[in-house]
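**Q** So here's coords.txt (compact mmCIF, C-alpha atoms).
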```txt
# COMPACT_ATOMS: atom_id res chain seq x y z
CA MET U 1 -48.78 7.53 -46.49
CA THR U 2 -50.54 10.86 -46.34
CA LEU U 3 -48.84 14.20 -45.90
CA HIS U 4 -51.54 15.51 -43.59
CA PRO U 5 -51.98 13.62 -40.34
CA CYS U 6 -55.43 12.55 -39.26
CA SER U 7 -57.19 14.74 -36.69
CA ARG U 8 -57.92 11.71 -34.48
CA GLN U 9 -54.38 10.38 -34.58
CA SER U 10 -53.56 11.95 -31.19
CA GLU U 11 -56.54 10.11 -29.63
CA VAL U 12 -55.33 6.80 -31.00
CA GLN U 13 -51.80 7.50 -29.79
CA GLN U 14 -53.05 8.41 -26.31
CA LEU U 15 -55.12 5.21 -26.07
CA LEU U 16 -52.14 3.14 -27.16
CA SER U 17 -49.67 4.83 -24.80
CA HIS U 18 -51.98 4.33 -21.79
CA GLY U 19 -52.63 0.70 -22.73
CA HIS U 20 -56.37 1.17 -23.30
CA TRP U 21 -56.39 -0.33 -26.79
CA PRO U 22 -58.57 -2.31 -27.71
CA HIS U 23 -60.56 -2.79 -24.45
CA ALA U 24 -61.39 0.83 -23.59
CA CYS U 25 -61.67 2.14 -27.12
CA PRO U 26 -64.94 3.83 -28.08
CA ALA U 27 -66.87 2.29 -30.96
CA ASP U 28 -66.66 5.41 -33.12
CA LEU U 29 -62.85 5.38 -32.87
CA ARG U 30 -62.84 1.71 -33.94
CA ALA U 31 -64.94 2.63 -36.95
CA HIS U 32 -62.51 5.47 -37.73
CA LEU U 33 -59.55 3.06 -37.58
CA ALA U 34 -61.25 0.77 -40.09
CA GLY U 35 -61.42 3.61 -42.64
CA CYS U 36 -58.24 5.69 -41.86
CA ARG U 37 -54.99 4.28 -43.19
CA SER U 38 -52.78 6.72 -41.22
CA CYS U 39 -54.35 5.70 -37.88
CA ARG U 40 -54.16 2.00 -38.80
CA ASP U 41 -50.44 2.34 -39.60
CA LEU U 42 -49.88 4.13 -36.28
CA LEU U 43 -51.75 1.33 -34.48
CA LEU U 44 -49.74 -1.37 -36.27
CA VAL U 45 -46.33 0.24 -35.67
CA THR U 46 -47.06 1.11 -32.03
CA GLN U 47 -48.31 -2.40 -31.23
CA ALA U 48 -45.23 -3.91 -32.91
CA PHE U 49 -42.92 -1.73 -30.78
CA GLN U 50 -44.87 -2.54 -27.59
CA GLN U 51 -44.70 -6.27 -28.27
CA SER U 52 -40.99 -6.06 -29.04
CA ARG U 53 -40.32 -4.13 -25.83
CA ALA U 54 -42.36 -6.63 -23.79
CA ALA U 55 -40.47 -9.56 -25.33
CA ALA U 56 -37.10 -7.91 -24.69
CA SER U 57 -37.92 -7.06 -21.09
CA ALA U 58 -39.11 -10.62 -20.50
CA GLN U 59 -35.74 -11.95 -21.69
CA VAL U 60 -33.70 -9.81 -19.30
CA LYS U 61 -33.04 -11.82 -16.16
CA LEU U 62 -31.06 -9.89 -13.60
CA PRO U 63 -29.21 -11.94 -11.04
CA PRO U 64 -30.35 -11.57 -7.44
CA ALA U 65 -29.17 -8.48 -5.60
CA GLY U 66 -27.21 -10.61 -3.15
CA ALA U 67 -25.17 -12.14 -5.96
CA ILE U 68 -24.40 -8.73 -7.43
CA TRP U 69 -23.31 -7.47 -3.99
CA TRP U 70 -21.18 -10.57 -3.41
CA ARG U 71 -19.41 -10.12 -6.77
CA ALA U 72 -18.72 -6.48 -6.00
CA GLN U 73 -17.23 -7.44 -2.62
CA LEU U 74 -15.14 -10.12 -4.28
CA ARG U 75 -13.79 -7.64 -6.83
CA ARG U 76 -12.99 -5.16 -4.06
CA ARG U 77 -11.20 -7.83 -2.02
CA ASN U 78 -9.18 -9.01 -5.03
CA ALA U 79 -8.13 -5.44 -5.76
CA ALA U 80 -6.98 -5.05 -2.14
CA VAL U 81 -4.99 -8.29 -2.34
CA GLU U 82 -3.36 -7.08 -5.54
CA ARG U 83 -2.41 -3.78 -3.90
CA VAL U 84 -0.93 -5.63 -0.93
CA GLY U 85 0.91 -8.05 -3.21
CA LYS U 86 3.03 -5.33 -4.80
CA PRO U 87 5.25 -4.76 -1.70
CA ILE U 88 5.48 -8.53 -1.23
CA MET U 89 6.84 -8.81 -4.75
CA GLY U 90 9.42 -6.17 -3.82
CA ALA U 91 10.42 -8.21 -0.76
CA TYR U 92 10.64 -11.30 -2.95
CA LEU U 93 12.98 -9.54 -5.38
CA PHE U 94 15.05 -8.14 -2.49
CA ALA U 95 15.47 -11.59 -0.91
CA LEU U 96 16.36 -13.07 -4.27
CA SER U 97 18.96 -10.37 -4.95
CA ILE U 98 20.53 -10.82 -1.48
CA THR U 99 20.73 -14.58 -2.02
CA VAL U 100 22.36 -14.11 -5.42
CA LEU U 101 24.76 -11.53 -3.94
CA VAL U 102 25.80 -13.91 -1.14
CA ALA U 103 26.29 -16.77 -3.58
CA THR U 104 28.33 -14.54 -5.89
CA ALA U 105 30.49 -13.27 -3.01
CA PHE U 106 31.09 -16.83 -1.87
CA ALA U 107 32.03 -17.94 -5.39
CA ILE U 108 34.42 -14.99 -5.80
CA SER U 109 35.97 -15.70 -2.39
CA GLN U 110 36.53 -19.31 -3.34
CA ALA U 111 38.03 -18.27 -6.67
CA HIS U 112 40.56 -15.96 -4.94
CA HIS U 113 41.56 -18.36 -2.15
CA GLY U 114 41.21 -21.61 -3.97
CA VAL U 115 39.10 -24.39 -2.61
CA ARG U 116 40.65 -24.35 0.88
CA TRP U 117 37.48 -24.65 2.85
CA LEU U 118 38.19 -28.30 3.62
CA ASP U 119 41.54 -27.38 5.26
CA TRP U 120 39.77 -26.91 8.57
CA LEU U 121 39.49 -30.71 8.85
CA ASP U 122 43.31 -31.01 8.78
CA TRP U 123 43.58 -28.10 11.22
CA MET U 124 41.16 -29.77 13.66
CA ALA U 125 43.06 -33.03 13.49
CA GLN U 126 46.35 -31.20 14.18
CA SER U 127 44.90 -29.13 17.02
CA GLN U 128 43.42 -32.17 18.75
CA SER U 129 46.62 -34.18 18.46
CA ALA U 130 48.77 -31.24 19.65
CA SER U 131 46.75 -30.34 22.74
CA PRO U 132 43.73 -32.44 23.63
CA HIS U 133 42.70 -29.96 26.38
CA VAL U 134 42.01 -27.06 23.97
CA GLU U 135 38.44 -26.63 22.81
CA PRO U 136 38.59 -26.92 18.99
CA PHE U 137 35.34 -25.01 18.36
CA SER U 138 36.08 -21.73 20.18
CA ALA U 139 35.42 -18.71 17.99
CA SER U 140 38.72 -16.94 18.72
CA THR U 141 40.76 -20.03 17.88
CA LEU U 142 38.88 -20.59 14.64
CA LEU U 143 39.17 -16.97 13.49
CA SER U 144 42.83 -16.60 14.37
CA SER U 145 43.90 -19.79 12.64
CA GLY U 146 42.12 -19.38 9.32
CA GLY U 147 38.92 -21.16 10.28
CA SER U 148 36.76 -18.16 9.47
CA LEU U 149 35.13 -20.04 6.62
CA MET U 150 33.90 -22.57 9.16
CA ILE U 151 31.81 -19.78 10.67
CA LEU U 152 31.01 -17.88 7.50
CA ILE U 153 29.64 -20.85 5.56
CA PRO U 154 26.92 -21.71 8.11
CA VAL U 155 26.08 -18.01 8.50
CA PHE U 156 25.67 -17.58 4.74
CA ALA U 157 23.77 -20.86 4.51
CA THR U 158 21.43 -19.69 7.27
CA LEU U 159 20.88 -16.36 5.54
CA ALA U 160 20.15 -18.12 2.26
CA LEU U 161 17.77 -20.54 4.00
CA VAL U 162 15.91 -17.75 5.81
CA GLY U 163 15.70 -15.78 2.56
CA ALA U 164 14.35 -18.80 0.71
CA VAL U 165 11.75 -19.45 3.42
CA ALA U 166 10.68 -15.80 3.33
CA VAL U 167 10.32 -15.95 -0.45
CA TYR U 168 8.36 -19.20 -0.22
CA LEU U 169 5.96 -17.78 2.36
CA ALA U 170 5.49 -14.57 0.37
CA VAL U 171 4.71 -16.47 -2.83
CA GLU U 172 2.52 -19.05 -1.07
CA ARG U 173 0.19 -16.38 0.38
CA GLN U 174 -0.56 -15.01 -3.06
```
Show me this structure written as structure tokens.

**A**
Amino acid sequence: MTLHPCSRQSEVQQLLSHGHWPHACPADLRAHLAGCRSCRDLLLVTQAFQQSRAAASAQVKLPPAGAIWWRAQLRRRNAAVERVGKPIMGAYLFALSITVLVATAFAISQAHHGVRWLDWLDWMAQSQSASPHVEPFSASTLLSSGGSLMILIPVFATLALVGAVAVYLAVERQ
């Protein structure tokens, strides 16, 4: 390697950068390259870099623009679904907590009163034998005679069922 660059090195570099080597190179410059080591090294290094760049750019295969657009739309749609899913998760937790609260209240009620919820069968048998003309399923008769559990149990069961269906539908959509 020489410390002083060759005076014709800029010409060689210009020919190489414009892609005119070796086809449009004057004969005197070819003769200079045969005798000048600095210009030969420049030619060798520049051609190696150009070949490497051409090989690397040939390997890069970009997917079609339509596929890139479709993936971007898919990512955007998934992000929107995720944003929408957060309130649904809140509704799921709310329904679950209400169901647990109702079950806990029912269990505590049964613990305080004992398991008397089957007493309404005896009460119905007594009320039908005492007066066959009285409607046994009227709400006022049931509530006044201790049959409130006969109404509360189906109400709580319906609430639990509706809550479970709401939770199922919320989870199924995700």

**Q** Hey, can you check how far CA of Ala58 in chain U sits from CA of Arg75 in chain U?

**A**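 Going from CA of Ala58 in chain U over to CA of Arg75 in chain U, I get 28.9 Å.
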
**Q** Rounded to one decimal, what separation in Å do you get between CA of Gly90 in chain U and CA of Ala164 in chain U?

**A**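 Computing it gives 14.3 Å between the two atoms.
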
**Q** Measure the distance from CA of Leu161 in chain U to CA of Ala105 in chain U in Å and round it to one decimal.

**A**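 Computing the Euclidean distance for CA of Leu161 in chain U and CA of Ala105 in chain U yields 16.2 Å.
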
**Q** Tell me which of U:Val81, U:Pro22, U:Gly66, U:Ala160 sits closest to Ile98 in chain U, counting only C-alpha atoms.

**A**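 Residue with the minimum atom-to-atom distance to Ile98 in chain U: U:Ala160.
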
**Q** Taking only C-alpha atoms into account, name the residue in U:Leu16, U:Leu43, U:Arg8, U:Gly163 that is nearest to Asp28 in chain U.

**A**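 For Asp28 in chain U, the nearest of the given residues is U:Arg8.
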
**Q** Which one is closest to Thr46 in chain U: U:Lys61, U:His18, U:Arg71, U:Arg30? Count all atoms listed in the file.

**A**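 Selected residue with least distance to Thr46 in chain U: U:His18.
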
**Q** Which residue, U:Phe106, U:Ala54, U:Glu172, U:Leu44, has the smallest gap to Pro154 in chain U when you use all atoms listed in the file?

**A**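 So, comparing all the options, the nearest one is U:Phe106.
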
**Q** Identify which of the residues U:Leu152, U:Ala67, U:Val45, U:Leu96 lies closest to Ser109 in chain U, counting all atoms listed in the file when measuring atom-to-atom distances.

**A** U:Leu152
